[in-house]
2 protein chains.
Amino acid sequence: MAKTLTKKLTINGGRLYAALKDLGKVGAYKDENSGLVGVNRLALTEKEGEGRRLVIKWFKEAGLKVVVDKIGNVYAKREGQDDDLPPLLLGSHIDSVPTAGIFDGCLGVLGALEVVRTLNDHKVATRRPLVIGFFTEEEGCRFGTDMLGSATATGRLKLADAYQIKDRDGLTVRGELEKIGFLGKTELGHIKPRAYMECHIEQGPILRHKGLDIGVVTGVQAISWRELTILGKSAHAGTTPMSFRKDAGVAASRINVKLREMIASGRYGHEMRATMGSWKVNPGMVNIVPNKVICSIDLRNPSDAFMKKVESELDSFIKVVEKEEGVKIEWRSTAKTPLVPFDESVQQLIADTADSLGLSHERILSGAGHDAQEWSHVCPTAMVFVPGEYDGISHNPREFSAERQCTDGVNVLLNASLAFLND
Amino acid sequence: MAKTLTKKLTINGGRLYAALKDLGKVGAYKDENSGLVGVNRLALTEKEGEGRRLVIKWFKEAGLKVVVDKIGNVYAKREGQDDDLPPLLLGSHIDSVPTAGIFDGCLGVLGALEVVRTLNDHKVATRRPLVIGFFTEEEGCRFGTDMLGSATATGRLKLADAYQIKDRDGLTVRGELEKIGFLGKTELGHIKPRAYMECHIEQGPILRHKGLDIGVVTGVQAISWRELTILGKSAHAGTTPMSFRKDAGVAASRINVKLREMIASGRYGHEMRATMGSWKVNPGMVNIVPNKVICSIDLRNPSDAFMKKVESELDSFIKVVEKEEGVKIEWRSTAKTPLVPFDESVQQLIADTADSLGLSHERILSGAGHDAQEWSHVCPTAMVFVPGEYDGISHNPREFSAERQCTDGVNVLLNASLAFLND
């Protein structure tokens, strides 16, 4: 498949970086802790709608034909000479966490746009069509289910179920799609891609610490999200003896501390991660013992076996806490994916392309979930990672990859794409 | 002082209980956990304003003259034959926590009203005037400072400072007093009471477990409230290695679990209590390491020495957490009162009155703060406790004292009051 091009194309890094900065202005806010400017563009909010319309405007200016599917995913097509061939799909997302930088997701979407702009600049016609996709609610921050759009497009989630998912205010995915004008008509699965590639920031420290230009992503580690509902009993904080209490906040705290201890034990490998990120404590008053806590647990592990082990031991500890604290703990799984391995041939193409561009690289497993893991179920898939500064911090306004780093990643995406587009 | 009355007066328990139920309708809500009807009448909200107006209507119907002071405390006076004598003050509060029952505070206010109604029924003229007071924001749930009104009236808080205290939405005490029409004109300290008495539910299990009718309250245990602000660093929950994290949620959890362990050690006596009741976790997303937690700590102890010890050891542990978790923890004191002993002669009067009515009683230290502790700084003060069912649960819709229990307490209040009113 991967026929070697004698002449390499290179993108316009300045143009790519300017686009990232321009999109980053949509939903920009001043972070009170750091004083930095961050991005808050939660899925299907007014601000995200504004971002969608800006990117679509750019797509159309680049001559692409845009459609929106029934879950709000946006696809922009550049025609191929043999336009009925399965297209190459490049994509990612433009929704953000509420405390984001400008790179997460956007690099994949605007990087793909830069690929098209470069092909246009050089008047390169390709045999196969190229489609850029950006997918609804990748972050899962608003509706609690990550990769919502790509998982629905590729069949893991049913459309009817996805439509009914509610945010904290009880607003549904369907209603919010309609509100921002992105309840599209194109059928799910309207394209069967030849392959899927995605360029993304690493969101971790490894590439930067090793001084590498490119990460060739081998897959996505196992992810498990739970939402716990802990029911205790509200009581007066001054008069209720400790032995009479059913403190839902203490129960949640014990689980959080226990997860930390479990990881420190090394029993689940050395890359186990756990986070209790979302907390809602009722009634939330200084002098009332909490009667109810709704909180989340985010577990990650490169090994399915270790993940199974940590979940089972967590289950046991939850029972201990129920008994010792006199609370009732219910939980539901809000996301659960095993280790997703990427296609070996696409990985090799990315590695070869990096070599041909003189860029250093290494295979790396993704710590975060990505749209690519959903598309990997329907076509050969892999990802290109670029390093980030400050230990690769992400989901934080400090998130930063330099123009050079972004340019390297998208040059790999461009030249690996050409191999597919002309095969 | 305490001259023995040959004939005891008794209140109308049915009328008292009906008044409690009627006031309990103002701010009533259906509790989603228990299915019970609770009360949510936070200080200086529209609902509390409605409650104030209802009680004032009852005061006026009983012939009382009502004034409102500059911090919104309401005083209703029944004339004495020698009306210039320092009055007896009976009082409590009608604001509530957001998950309250109908008794906390209201029993003291409506009990005092029932005392007046009974005196009126029997056309009893008294030498000394009787004043009923109810005081602004006793709970501290909205503005974070409990006994706000009585503390300002008796000089512990300055009026200018009290006015500036803000709720979570940044609304000030002064502005909210004005909004509900209770920014009064009467000067603080306009009355110098001969004595202060307050009838209140115990809010704890002791009287009920011992089968006692009445608690003669010896004072209020030491109380210390803190608001902690824990600053960590937001980061991606999937990609950020545990060793790179500064998780404000883990820091708060560790402190909460440690408080529990400290109490279990018995090093601070066997009546030490600690509660982390209020939690605000930012950004509060499943896949983001929390960068900021604002939480409360409520400490109580009958011994000032033990309280000092627990606070000092908590300070040390906060430093440990700061170092081990890489977070910064700032805290401010939002309430701090030492053990407040009540007047021995007033306690004795209450005990003698209970005896004369054939009611069983015991001395008891209050676990909760009360307006009485503020008035105890300006005049002889003590309290009458009545038992509560369900281990005396309070700050919960399940809070319940039977008509008989309430009636017994107010009969003690009435007859002890007569001793003062005619001395």
# chains A, B, ... in the order shown; residues from 1 in each chain; ligands from 1
$ closest_atom_pairs --of "segment 192-295 of chain B" --to "segment 80-97 of chain B" --cutoff "7 Å" --atoms "only C-alpha atoms" --output "JSON lines"
{"residue": "B:Lys192", "atom": "CA", "partner": "B:Pro86", "partner_atom": "CA", "distance": 5.9}
{"residue": "B:Pro193", "atom": "CA", "partner": "B:Pro87", "partner_atom": "CA", "distance": 5.0}
{"residue": "B:Arg194", "atom": "CA", "partner": "B:Pro86", "partner_atom": "CA", "distance": 5.1}
{"residue": "B:Ala195", "atom": "CA", "partner": "B:Leu88", "partner_atom": "CA", "distance": 5.3}
{"residue": "B:Tyr196", "atom": "CA", "partner": "B:Leu89", "partner_atom": "CA", "distance": 4.8}
{"residue": "B:Met197", "atom": "CA", "partner": "B:Leu90", "partner_atom": "CA", "distance": 5.1}
{"residue": "B:Glu198", "atom": "CA", "partner": "B:Gly91", "partner_atom": "CA", "distance": 5.5}
$ write_last_selection --atoms "N, CA and C atoms" --output "tab-separated table (two decimals), in the first residue's frame"
chain	number	residue	atom	x	y	z
B	192	LYS	N	-31.72	45.75	77.87
B	192	LYS	CA	-30.76	45.13	78.79
B	192	LYS	C	-31.56	44.14	79.61
B	193	PRO	N	-31.63	42.87	79.17
B	193	PRO	CA	-32.55	41.94	79.83
B	193	PRO	C	-32.16	41.64	81.28
B	194	ARG	N	-33.14	41.38	82.06
B	194	ARG	CA	-32.92	40.87	83.43
B	194	ARG	C	-32.33	39.47	83.35
B	195	ALA	N	-32.84	38.69	82.36
B	195	ALA	CA	-32.34	37.33	82.13
B	195	ALA	C	-32.79	36.90	80.74
B	196	TYR	N	-32.14	35.83	80.25
B	196	TYR	CA	-32.53	35.27	78.96
B	196	TYR	C	-32.77	33.78	79.13
B	197	MET	N	-33.90	33.29	78.59
B	197	MET	CA	-34.14	31.84	78.60
B	197	MET	C	-34.61	31.40	77.22
B	198	GLU	N	-34.29	30.17	76.89
B	198	GLU	CA	-34.62	29.64	75.56
B	198	GLU	C	-34.98	28.16	75.71
$ calpha_fit_and_write --fixed "chain B" --moving "chain A" --output "compact mmCIF listing (two decimals) with C-alpha atoms, in the first residue's frame"
# COMPACT_ATOMS: atom_id res chain seq x y z
CA MET A 1 -35.34 35.77 93.47
CA ALA A 2 -37.28 32.62 92.71
CA LYS A 3 -40.34 32.98 94.85
CA THR A 4 -42.46 29.88 94.78
CA LEU A 5 -45.81 30.16 93.10
CA THR A 6 -48.46 28.14 94.85
CA LYS A 7 -50.52 27.68 91.69
CA LYS A 8 -48.79 26.52 88.50
CA LEU A 9 -50.01 27.77 85.13
CA THR A 10 -50.07 25.37 82.23
CA ILE A 11 -49.95 26.17 78.55
CA ASN A 12 -52.27 25.01 75.76
CA GLY A 13 -50.10 22.29 74.20
CA GLY A 14 -52.44 21.79 71.25
CA ARG A 15 -52.24 25.47 70.35
CA LEU A 16 -48.44 25.43 70.63
CA TYR A 17 -48.16 22.36 68.41
CA ALA A 18 -50.56 23.80 65.82
CA ALA A 19 -48.44 26.96 65.64
CA LEU A 20 -45.29 24.85 65.07
CA LYS A 21 -47.02 23.00 62.26
CA ASP A 22 -48.37 26.19 60.68
CA LEU A 23 -44.97 27.88 60.68
CA GLY A 24 -43.50 24.62 59.33
CA LYS A 25 -45.61 25.02 56.18
CA VAL A 26 -43.56 28.09 55.22
CA GLY A 27 -40.65 26.72 53.21
CA ALA A 28 -41.95 23.14 53.28
CA TYR A 29 -40.50 20.76 50.67
CA LYS A 30 -40.63 17.06 49.89
CA ASP A 31 -37.33 15.37 50.81
CA GLU A 32 -36.28 13.14 47.89
CA ASN A 33 -34.40 10.62 50.01
CA SER A 34 -36.92 9.94 52.77
CA GLY A 35 -40.18 11.03 51.17
CA LEU A 36 -40.79 13.14 54.30
CA VAL A 37 -41.81 16.79 54.25
CA GLY A 38 -39.00 19.02 55.50
CA VAL A 39 -38.45 22.75 55.90
CA ASN A 40 -36.07 24.94 53.89
CA ARG A 41 -36.21 28.46 55.29
CA LEU A 42 -32.66 29.76 54.91
CA ALA A 43 -32.00 33.12 56.59
CA LEU A 44 -33.12 36.26 54.75
CA THR A 45 -34.66 34.40 51.84
CA GLU A 46 -38.14 35.21 50.60
CA LYS A 47 -39.47 32.19 52.49
CA GLU A 48 -37.87 33.27 55.74
CA GLY A 49 -39.37 36.73 55.23
CA GLU A 50 -42.76 35.05 54.87
CA GLY A 51 -42.15 33.14 58.14
CA ARG A 52 -41.12 36.36 59.89
CA ARG A 53 -44.30 38.13 58.81
CA LEU A 54 -46.48 35.21 59.95
CA VAL A 55 -44.90 35.13 63.42
CA ILE A 56 -45.15 38.94 63.74
CA LYS A 57 -48.83 38.73 62.83
CA TRP A 58 -49.27 36.25 65.70
CA PHE A 59 -47.27 38.53 68.03
CA LYS A 60 -49.53 41.47 67.21
CA GLU A 61 -52.68 39.39 67.64
CA ALA A 62 -51.36 38.58 71.14
CA GLY A 63 -51.11 42.33 71.87
CA LEU A 64 -47.34 42.57 71.66
CA LYS A 65 -45.49 45.63 70.42
CA VAL A 66 -42.97 44.68 67.72
CA VAL A 67 -39.70 46.37 66.76
CA VAL A 68 -36.93 45.29 64.38
CA ASP A 69 -33.31 46.19 65.06
CA LYS A 70 -30.59 47.10 62.60
CA ILE A 71 -29.48 43.49 62.06
CA GLY A 72 -33.06 42.29 61.53
CA ASN A 73 -33.64 40.79 64.97
CA VAL A 74 -37.33 41.02 65.92
CA TYR A 75 -38.43 41.91 69.47
CA ALA A 76 -42.06 41.70 70.67
CA LYS A 77 -42.90 43.20 74.05
CA ARG A 78 -45.63 42.45 76.57
CA GLU A 79 -45.89 45.36 78.99
CA GLY A 80 -45.07 45.02 82.67
CA GLN A 81 -46.73 46.90 85.50
CA ASP A 82 -43.36 48.52 86.10
CA ASP A 83 -42.54 48.80 82.41
CA ASP A 84 -39.16 50.47 82.89
CA LEU A 85 -37.69 47.44 84.63
CA PRO A 86 -35.26 45.35 82.58
CA PRO A 87 -37.41 42.81 80.74
CA LEU A 88 -37.17 39.06 80.77
CA LEU A 89 -36.06 37.99 77.25
CA LEU A 90 -37.26 34.68 75.79
CA GLY A 91 -36.08 33.83 72.33
CA SER A 92 -34.57 31.71 69.60
CA HIS A 93 -34.69 31.75 65.77
CA ILE A 94 -36.97 30.85 62.89
CA ASP A 95 -34.38 30.56 60.11
CA SER A 96 -33.54 26.97 59.21
CA VAL A 97 -30.95 24.79 57.53
CA PRO A 98 -32.03 23.70 54.02
CA THR A 99 -32.95 20.20 55.25
CA ALA A 100 -34.74 21.02 58.51
CA GLY A 101 -37.67 19.85 60.56
CA ILE A 102 -40.26 22.16 62.16
CA PHE A 103 -38.86 22.32 65.72
CA ASP A 104 -35.28 23.67 65.66
CA GLY A 105 -35.48 27.29 66.89
CA CYS A 106 -39.21 27.60 66.26
CA LEU A 107 -40.00 25.81 69.55
CA GLY A 108 -38.22 28.60 71.43
CA VAL A 109 -40.00 31.40 69.56
CA LEU A 110 -43.47 29.86 69.42
CA GLY A 111 -43.01 28.47 72.95
CA ALA A 112 -42.43 32.06 74.14
CA LEU A 113 -45.52 33.14 72.17
CA GLU A 114 -47.45 30.36 73.91
CA VAL A 115 -46.19 31.70 77.28
CA VAL A 116 -47.66 35.12 76.37
CA ARG A 117 -50.91 33.61 75.09
CA THR A 118 -51.26 31.68 78.36
CA LEU A 119 -50.59 34.79 80.46
CA ASN A 120 -53.19 36.59 78.34
CA ASP A 121 -55.72 33.75 78.75
CA HIS A 122 -55.36 33.98 82.51
CA LYS A 123 -55.20 37.78 82.47
CA VAL A 124 -51.91 37.62 84.38
CA ALA A 125 -50.25 41.00 84.78
CA THR A 126 -46.53 40.87 85.56
CA ARG A 127 -44.36 43.39 87.31
CA ARG A 128 -41.58 43.18 84.74
CA PRO A 129 -42.07 43.34 80.95
CA LEU A 130 -41.58 40.21 78.86
CA VAL A 131 -39.89 40.40 75.45
CA ILE A 132 -39.81 37.66 72.83
CA GLY A 133 -36.88 37.86 70.45
CA PHE A 134 -36.06 36.00 67.28
CA PHE A 135 -32.62 36.49 65.83
CA THR A 136 -31.21 36.67 62.30
CA GLU A 137 -29.23 33.76 60.72
CA GLU A 138 -28.76 31.58 63.78
CA GLU A 139 -27.89 28.59 61.61
CA GLY A 140 -25.03 30.21 59.72
CA CYS A 141 -25.97 28.10 56.71
CA ARG A 142 -26.41 30.95 54.30
CA PHE A 143 -23.79 33.49 55.33
CA GLY A 144 -21.33 31.13 57.06
CA THR A 145 -21.49 32.79 60.50
CA ASP A 146 -23.87 31.27 63.01
CA MET A 147 -25.70 33.27 65.71
CA LEU A 148 -25.16 36.26 63.42
CA GLY A 149 -28.09 38.31 64.75
CA SER A 150 -27.68 37.66 68.46
CA ALA A 151 -23.88 38.02 68.28
CA THR A 152 -24.32 41.43 66.63
CA ALA A 153 -27.01 42.52 69.12
CA THR A 154 -24.79 41.59 72.07
CA GLY A 155 -21.56 43.03 70.73
CA ARG A 156 -19.40 40.06 69.66
CA LEU A 157 -19.79 41.04 66.00
CA LYS A 158 -19.66 44.61 64.73
CA LEU A 159 -22.67 45.77 62.74
CA ALA A 160 -20.59 47.14 59.87
CA ASP A 161 -18.77 43.81 59.54
CA ALA A 162 -21.98 41.78 59.80
CA TYR A 163 -23.59 43.84 57.04
CA GLN A 164 -20.76 43.02 54.63
CA ILE A 165 -20.85 39.23 55.06
CA LYS A 166 -21.74 37.59 51.75
CA ASP A 167 -23.52 34.40 50.81
CA ARG A 168 -22.20 32.07 48.07
CA ASP A 169 -23.73 34.24 45.39
CA GLY A 170 -22.01 37.35 46.72
CA LEU A 171 -25.21 38.83 48.20
CA THR A 172 -24.65 40.77 51.43
CA VAL A 173 -26.48 40.52 54.75
CA ARG A 174 -27.45 44.19 54.52
CA GLY A 175 -28.77 43.89 50.99
CA GLU A 176 -30.77 40.78 51.78
CA LEU A 177 -32.22 42.33 54.98
CA GLU A 178 -33.36 45.26 52.87
CA LYS A 179 -34.78 42.99 50.18
CA ILE A 180 -37.09 41.14 52.56
CA GLY A 181 -38.04 44.34 54.44
CA PHE A 182 -36.25 43.59 57.70
CA LEU A 183 -33.49 46.20 57.79
CA GLY A 184 -34.88 47.69 61.02
CA LYS A 185 -34.19 51.02 62.69
CA THR A 186 -34.05 50.03 66.35
CA GLU A 187 -30.57 50.40 67.81
CA LEU A 188 -28.64 47.26 68.76
CA GLY A 189 -28.61 46.70 72.51
CA HIS A 190 -31.83 48.66 73.00
CA ILE A 191 -32.80 46.22 75.77
CA LYS A 192 -30.74 45.14 78.76
CA PRO A 193 -32.54 41.96 79.79
CA ARG A 194 -32.94 40.89 83.41
CA ALA A 195 -32.35 37.36 82.13
CA TYR A 196 -32.55 35.28 78.94
CA MET A 197 -34.14 31.84 78.60
CA GLU A 198 -34.62 29.64 75.56
CA CYS A 199 -36.50 26.39 75.09
CA HIS A 200 -35.02 24.18 72.36
CA ILE A 201 -35.00 20.62 71.16
CA GLU A 202 -31.91 18.73 72.35
CA GLN A 203 -30.89 17.69 68.80
CA GLY A 204 -29.14 14.70 70.29
CA PRO A 205 -29.93 11.28 71.78
CA ILE A 206 -29.22 11.73 75.48
CA LEU A 207 -32.57 12.77 77.01
CA ARG A 208 -34.51 10.26 74.94
CA HIS A 209 -32.13 7.39 75.77
CA LYS A 210 -32.36 8.19 79.49
CA GLY A 211 -36.13 8.64 79.41
CA LEU A 212 -35.93 12.20 80.78
CA ASP A 213 -38.55 14.95 80.24
CA ILE A 214 -36.29 17.98 80.50
CA GLY A 215 -32.63 18.90 80.04
CA VAL A 216 -31.29 21.75 82.16
CA VAL A 217 -28.61 23.14 79.89
CA THR A 218 -25.32 23.93 81.61
CA GLY A 219 -23.71 25.63 78.62
CA VAL A 220 -22.57 25.18 75.04
CA GLN A 221 -19.51 23.18 74.07
CA ALA A 222 -16.58 24.75 72.26
CA ILE A 223 -17.14 25.19 68.54
CA SER A 224 -14.63 25.87 65.78
CA TRP A 225 -15.47 26.27 62.11
CA ARG A 226 -12.93 26.58 59.36
CA GLU A 227 -13.16 27.13 55.65
CA LEU A 228 -10.29 25.51 53.78
CA THR A 229 -9.20 26.49 50.30
CA ILE A 230 -7.04 23.78 48.77
CA LEU A 231 -5.21 24.73 45.58
CA GLY A 232 -3.87 21.94 43.39
CA LYS A 233 -3.45 21.67 39.64
CA SER A 234 -6.01 20.56 37.08
CA ALA A 235 -4.70 17.85 34.78
CA HIS A 236 -5.88 15.10 32.47
CA ALA A 237 -7.09 12.11 34.47
CA GLY A 238 -6.02 9.59 31.84
CA THR A 239 -2.57 10.77 30.92
CA THR A 240 -1.13 12.40 34.03
CA PRO A 241 1.00 9.94 36.03
CA MET A 242 0.04 9.81 39.73
CA SER A 243 3.42 11.22 40.75
CA PHE A 244 2.84 14.40 38.68
CA ARG A 245 -0.51 15.19 40.30
CA LYS A 246 -1.56 17.90 42.73
CA ASP A 247 -5.05 16.62 43.46
CA ALA A 248 -7.02 19.01 45.69
CA GLY A 249 -9.78 16.39 46.09
CA VAL A 250 -7.38 13.77 47.43
CA ALA A 251 -5.99 16.39 49.85
CA ALA A 252 -9.49 17.16 51.18
CA SER A 253 -10.31 13.44 51.39
CA ARG A 254 -7.16 12.74 53.39
CA ILE A 255 -8.03 15.48 55.89
CA ASN A 256 -11.58 14.17 56.25
CA VAL A 257 -10.40 10.60 56.82
CA LYS A 258 -7.67 11.79 59.20
CA LEU A 259 -10.20 13.70 61.35
CA ARG A 260 -12.16 10.48 61.69
CA GLU A 261 -9.01 8.60 62.76
CA MET A 262 -8.02 11.35 65.20
CA ILE A 263 -11.39 11.15 66.93
CA ALA A 264 -11.31 7.35 67.04
CA SER A 265 -7.98 7.56 68.87
CA GLY A 266 -9.76 9.02 71.90
CA ARG A 267 -6.96 11.57 72.32
CA TYR A 268 -9.48 14.44 72.49
CA GLY A 269 -11.95 12.90 74.92
CA HIS A 270 -14.93 10.81 73.93
CA GLU A 271 -17.21 13.65 72.88
CA MET A 272 -15.04 15.13 70.15
CA ARG A 273 -16.94 15.65 66.88
CA ALA A 274 -15.73 16.66 63.44
CA THR A 275 -17.60 17.16 60.18
CA MET A 276 -16.58 18.14 56.68
CA GLY A 277 -20.03 19.26 55.56
CA SER A 278 -19.51 21.73 52.72
CA TRP A 279 -17.53 20.75 49.63
CA LYS A 280 -17.02 22.65 46.41
CA VAL A 281 -14.78 20.72 44.04
CA ASN A 282 -13.45 22.42 40.87
CA PRO A 283 -13.67 21.91 37.99
CA GLY A 284 -15.75 18.90 39.07
CA MET A 285 -15.32 16.81 35.94
CA VAL A 286 -14.95 13.04 35.72
CA ASN A 287 -11.72 13.19 33.70
CA ILE A 288 -9.97 16.15 35.28
CA VAL A 289 -7.82 16.06 38.40
CA PRO A 290 -9.45 18.63 40.79
CA ASN A 291 -7.45 21.87 40.98
CA LYS A 292 -9.38 23.50 43.81
CA VAL A 293 -11.52 22.43 46.73
CA ILE A 294 -13.26 24.77 49.14
CA CYS A 295 -14.50 22.80 52.12
CA SER A 296 -15.55 23.33 55.72
CA ILE A 297 -14.49 21.71 58.97
CA ASP A 298 -16.81 21.83 61.97
CA LEU A 299 -15.12 20.83 65.26
CA ARG A 300 -16.89 20.51 68.63
CA ASN A 301 -15.62 19.55 72.04
CA PRO A 302 -16.90 20.07 75.60
CA SER A 303 -13.35 20.90 76.64
CA ASP A 304 -11.43 23.98 75.50
CA ALA A 305 -8.17 22.15 76.18
CA PHE A 306 -9.11 19.23 73.95
CA MET A 307 -10.29 21.65 71.27
CA LYS A 308 -6.96 23.42 71.35
CA LYS A 309 -5.18 20.09 71.03
CA VAL A 310 -7.24 18.86 68.07
CA GLU A 311 -6.82 22.19 66.24
CA SER A 312 -3.09 22.11 66.74
CA GLU A 313 -2.80 18.52 65.48
CA LEU A 314 -5.05 19.35 62.54
CA ASP A 315 -2.71 22.25 61.67
CA SER A 316 0.22 19.83 61.65
CA PHE A 317 -1.61 17.36 59.42
CA ILE A 318 -2.57 20.11 56.99
CA LYS A 319 1.14 20.84 56.59
CA VAL A 320 1.83 17.15 55.95
CA VAL A 321 -0.86 17.06 53.26
CA GLU A 322 0.48 20.25 51.66
CA LYS A 323 3.90 18.67 51.41
CA GLU A 324 2.88 15.17 50.36
CA GLU A 325 0.22 16.22 47.84
CA GLY A 326 2.01 19.30 46.51
CA VAL A 327 -1.04 21.47 47.18
CA LYS A 328 -1.40 24.80 48.94
CA ILE A 329 -3.94 24.93 51.76
CA GLU A 330 -5.24 28.20 53.15
CA TRP A 331 -7.87 28.39 55.83
CA ARG A 332 -9.83 30.98 57.74
CA SER A 333 -11.86 30.67 60.90
CA THR A 334 -15.57 31.25 60.25
CA ALA A 335 -16.76 30.57 63.81
CA LYS A 336 -14.85 30.07 67.02
CA THR A 337 -16.39 30.03 70.46
CA PRO A 338 -14.96 28.52 73.63
CA LEU A 339 -17.05 26.51 76.07
CA VAL A 340 -19.82 28.91 77.17
CA PRO A 341 -21.10 28.12 80.69
CA PHE A 342 -24.66 29.19 81.57
CA ASP A 343 -25.73 30.97 84.77
CA GLU A 344 -25.97 28.62 87.72
CA SER A 345 -28.95 30.39 89.35
CA VAL A 346 -31.01 30.26 86.15
CA GLN A 347 -30.14 26.57 85.78
CA GLN A 348 -31.31 25.99 89.34
CA LEU A 349 -34.57 27.88 88.71
CA ILE A 350 -35.24 25.68 85.66
CA ALA A 351 -34.45 22.52 87.63
CA ASP A 352 -36.68 23.59 90.54
CA THR A 353 -39.50 24.47 88.16
CA ALA A 354 -39.25 21.07 86.47
CA ASP A 355 -39.40 19.44 89.92
CA SER A 356 -42.44 21.48 90.87
CA LEU A 357 -44.17 20.29 87.67
CA GLY A 358 -43.24 16.67 88.37
CA LEU A 359 -40.95 16.47 85.35
CA SER A 360 -37.76 14.40 85.37
CA HIS A 361 -34.62 16.27 84.41
CA GLU A 362 -30.84 16.26 84.30
CA ARG A 363 -28.06 18.76 83.60
CA ILE A 364 -26.81 18.52 80.01
CA LEU A 365 -24.20 20.33 77.91
CA SER A 366 -25.40 21.54 74.51
CA GLY A 367 -23.67 20.08 71.49
CA ALA A 368 -25.05 22.78 69.21
CA GLY A 369 -24.55 26.53 69.26
CA HIS A 370 -27.56 28.64 70.29
CA ASP A 371 -28.52 32.30 70.53
CA ALA A 372 -28.47 31.80 74.32
CA GLN A 373 -24.67 31.62 74.27
CA GLU A 374 -24.52 35.17 72.90
CA TRP A 375 -27.06 36.55 75.41
CA SER A 376 -25.18 34.82 78.26
CA HIS A 377 -22.51 37.52 77.86
CA VAL A 378 -24.94 40.30 78.79
CA CYS A 379 -27.37 38.74 81.31
CA PRO A 380 -28.02 35.61 83.38
CA THR A 381 -28.91 32.90 80.86
CA ALA A 382 -29.85 29.24 80.64
CA MET A 383 -31.81 26.92 78.37
CA VAL A 384 -34.50 24.25 78.60
CA PHE A 385 -34.02 21.21 76.38
CA VAL A 386 -36.75 18.77 75.35
CA PRO A 387 -36.02 15.30 73.98
CA GLY A 388 -36.34 14.30 70.32
CA GLU A 389 -37.26 10.95 68.78
CA TYR A 390 -35.03 8.95 66.38
CA ASP A 391 -31.91 9.58 68.49
CA GLY A 392 -32.78 13.24 68.55
CA ILE A 393 -31.94 13.63 64.87
CA SER A 394 -32.05 17.24 63.72
CA HIS A 395 -31.15 19.27 60.61
CA ASN A 396 -33.16 16.57 58.91
CA PRO A 397 -36.87 16.34 58.01
CA ARG A 398 -37.11 13.37 60.38
CA GLU A 399 -36.56 15.72 63.37
CA PHE A 400 -39.49 15.08 65.74
CA SER A 401 -40.55 15.91 69.27
CA ALA A 402 -44.06 14.94 70.35
CA GLU A 403 -46.68 17.43 71.56
CA ARG A 404 -46.17 16.13 75.11
CA GLN A 405 -42.42 16.75 74.98
CA CYS A 406 -42.81 20.27 73.59
CA THR A 407 -45.57 21.06 76.11
CA ASP A 408 -43.42 19.95 79.05
CA GLY A 409 -40.56 22.18 77.93
CA VAL A 410 -42.74 25.25 77.45
CA ASN A 411 -44.52 24.68 80.79
CA VAL A 412 -41.07 24.84 82.42
CA LEU A 413 -40.31 27.99 80.41
CA LEU A 414 -43.63 29.57 81.47
CA ASN A 415 -43.28 28.92 85.19
CA ALA A 416 -39.59 29.77 85.33
CA SER A 417 -40.49 32.98 83.49
CA LEU A 418 -43.10 33.89 86.10
CA ALA A 419 -40.41 33.79 88.78
CA PHE A 420 -38.42 36.42 86.86
CA LEU A 421 -41.42 38.45 85.76
CA ASN A 422 -42.55 39.02 89.31
CA ASP A 423 -39.21 39.31 91.11
$ select_by_dssp --residues "segment 259-355 of chain B" --states "alpha helix (DSSP H)" --output "JSON, numbers by chain"
{"B": [259, 260, 261, 262, 263, 264, 304, 305, 306, 307, 308, 309, 310, 311, 312, 313, 314, 315, 316, 317, 318, 319, 320, 321, 322, 323, 324, 325, 344, 345, 346, 347, 348, 349, 350, 351, 352, 353, 354, 355]}
$ select_by_dssp --residues "segment 236-281 of chain A" --states "strand (DSSP E or B)" --output "VMD selection string"
chain A and resid 236 246 267 269 273 to 275 279 to 281
